[in-house]
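Report on the following structure.
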Amino acid sequence: MRFAIVKQEFYMQKILKSAGSVALVMALVACASSSPDVIQRGDAQRMAQVQDGVVLSVRNVVVDGSQSGIGAAVGGVVGAIGGSAGSGVQREAQVLGVLAGVAGAAAGNAIERFSTKEEAVEILVQLKGGDRRAIVQAKGSEQLAAGDPVILVTTGGKVRVTKAPK
């Protein structure tokens with residue numbers, strides 16, 4: 001009887017450690033930002049192309065969350081460990097482990113996707129030469145509206161829109 005209790009405690013500790021790992025990974029993934037107010041370290045002190053334009057329209061959009069597979073992998077492992085600890089009979093534990101692993105992977109994927117989705121804006125800009133550009137960027141501290149003079153800053157293939165200096 002004492003062995004069964006020790007075994008359950010061991011599995012519960014594993015589950016708690018795995019759940020803590022999932023929480024840490026999700027917190028780190030959620031910290032990634034595409035805000036126009038945050039400049040990547042590699043983009044600092046680099047020459048950027050700047051174009052003048054005028055905002056034609058701004059609309060709110062949602063950037064779908066990422067599905068890198070990390071959430072599914074961690075969720076699957078946590079589910080499998082938790083499921084296999086659910087029965088003292090080896091065959092049942094294996095079946096429960098597989099089923100809980102699949103359910104955990106689906107849940108982990110959904111958690112990752114939800115925690116990494118981001119509120120953003122789609123900005124339609126008319127450049128000085130007449131060309132139009134549509135840019136989606138995370139919401140920043142600046143509020144853009146139709147008619148605002150703006151600059152498009154292109155660095156390393158990434159574009160951000162900001163109000164033009166006066």
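To be explicit about the labels: the chains of the structure tokens are called A, B, and onward in the order shown, and within each one the residues are counted from 1, while ligands get numbers from 1 in the order they are shown.
Residues in contact with Gly83 of chain A at 10 Å, where only C-alpha atoms are counted and same-chain residues fewer than 6 positions away are skipped, are listed as Tyr11, Ile15, Val77, Glu92, Ala93, Gln94, Val95, Leu96, Gly97, Val98, Leu99, Ala100, Gly101, Ala103 and Gly104 of chain A.
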Residues near segment 154-161 of chain A, cut-off 8 Å, only C-alpha atoms, skip fewer than 4 positions along chain, as a list of chain:residue names: A:Pro36, A:Asp43, A:Arg46, A:Met47, A:Ala48, A:Gln49, A:Val50, A:Ile135, A:Gln137, A:Val150
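When DSSP is run on the backbone, the residues of segment 99-135 of chain A that fall into helix (DSSP H, G or I) are Leu99, Ala100, Gly101, Val102, Ala103, Gly104, Ala105, Ala106, Ala107, Gly108, Asn109, Ala110, Ile111, Glu112, Arg113, Phe114 and Ser115 of chain A.
If only C-alpha atoms are the atoms counted, then among A:Ala134, A:Ala120, A:Val55, A:Ala72 the closest residue to Lys163 of chain A is A:Val55.
For the residues A:Leu56, A:Val38, A:Val62, A:Glu119, ranking by smallest atom-to-atom distance to Arg132 of chain A using only C-alpha atoms places A:Leu56 first.
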Residues within 12 Å of Asp131 of chain A, only C-alpha atoms, excluding chain neighbours under 3 positions, as a ChimeraX atom specification: /A:51-54,56,124-128,134
Those in segment 115-149 of chain A with strand (DSSP E or B) from DSSP, as a VMD selection string: chain A and resid 118 to 127 132 to 138 149
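For the pair atom CA of Ala73 of chain A and atom CA of Gln90 of chain A, the interatomic distance is 23.4 Å.
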Interatomic distance, atom CA of Ala105 of chain A to atom CA of Gly75 of chain A (Å, one decimal): 4.5 Å
Among listed residues A:Asp64, A:Gly82, A:Ile111, A:Val121, nearest Ala138 of chain A (using only C-alpha atoms): A:Val121
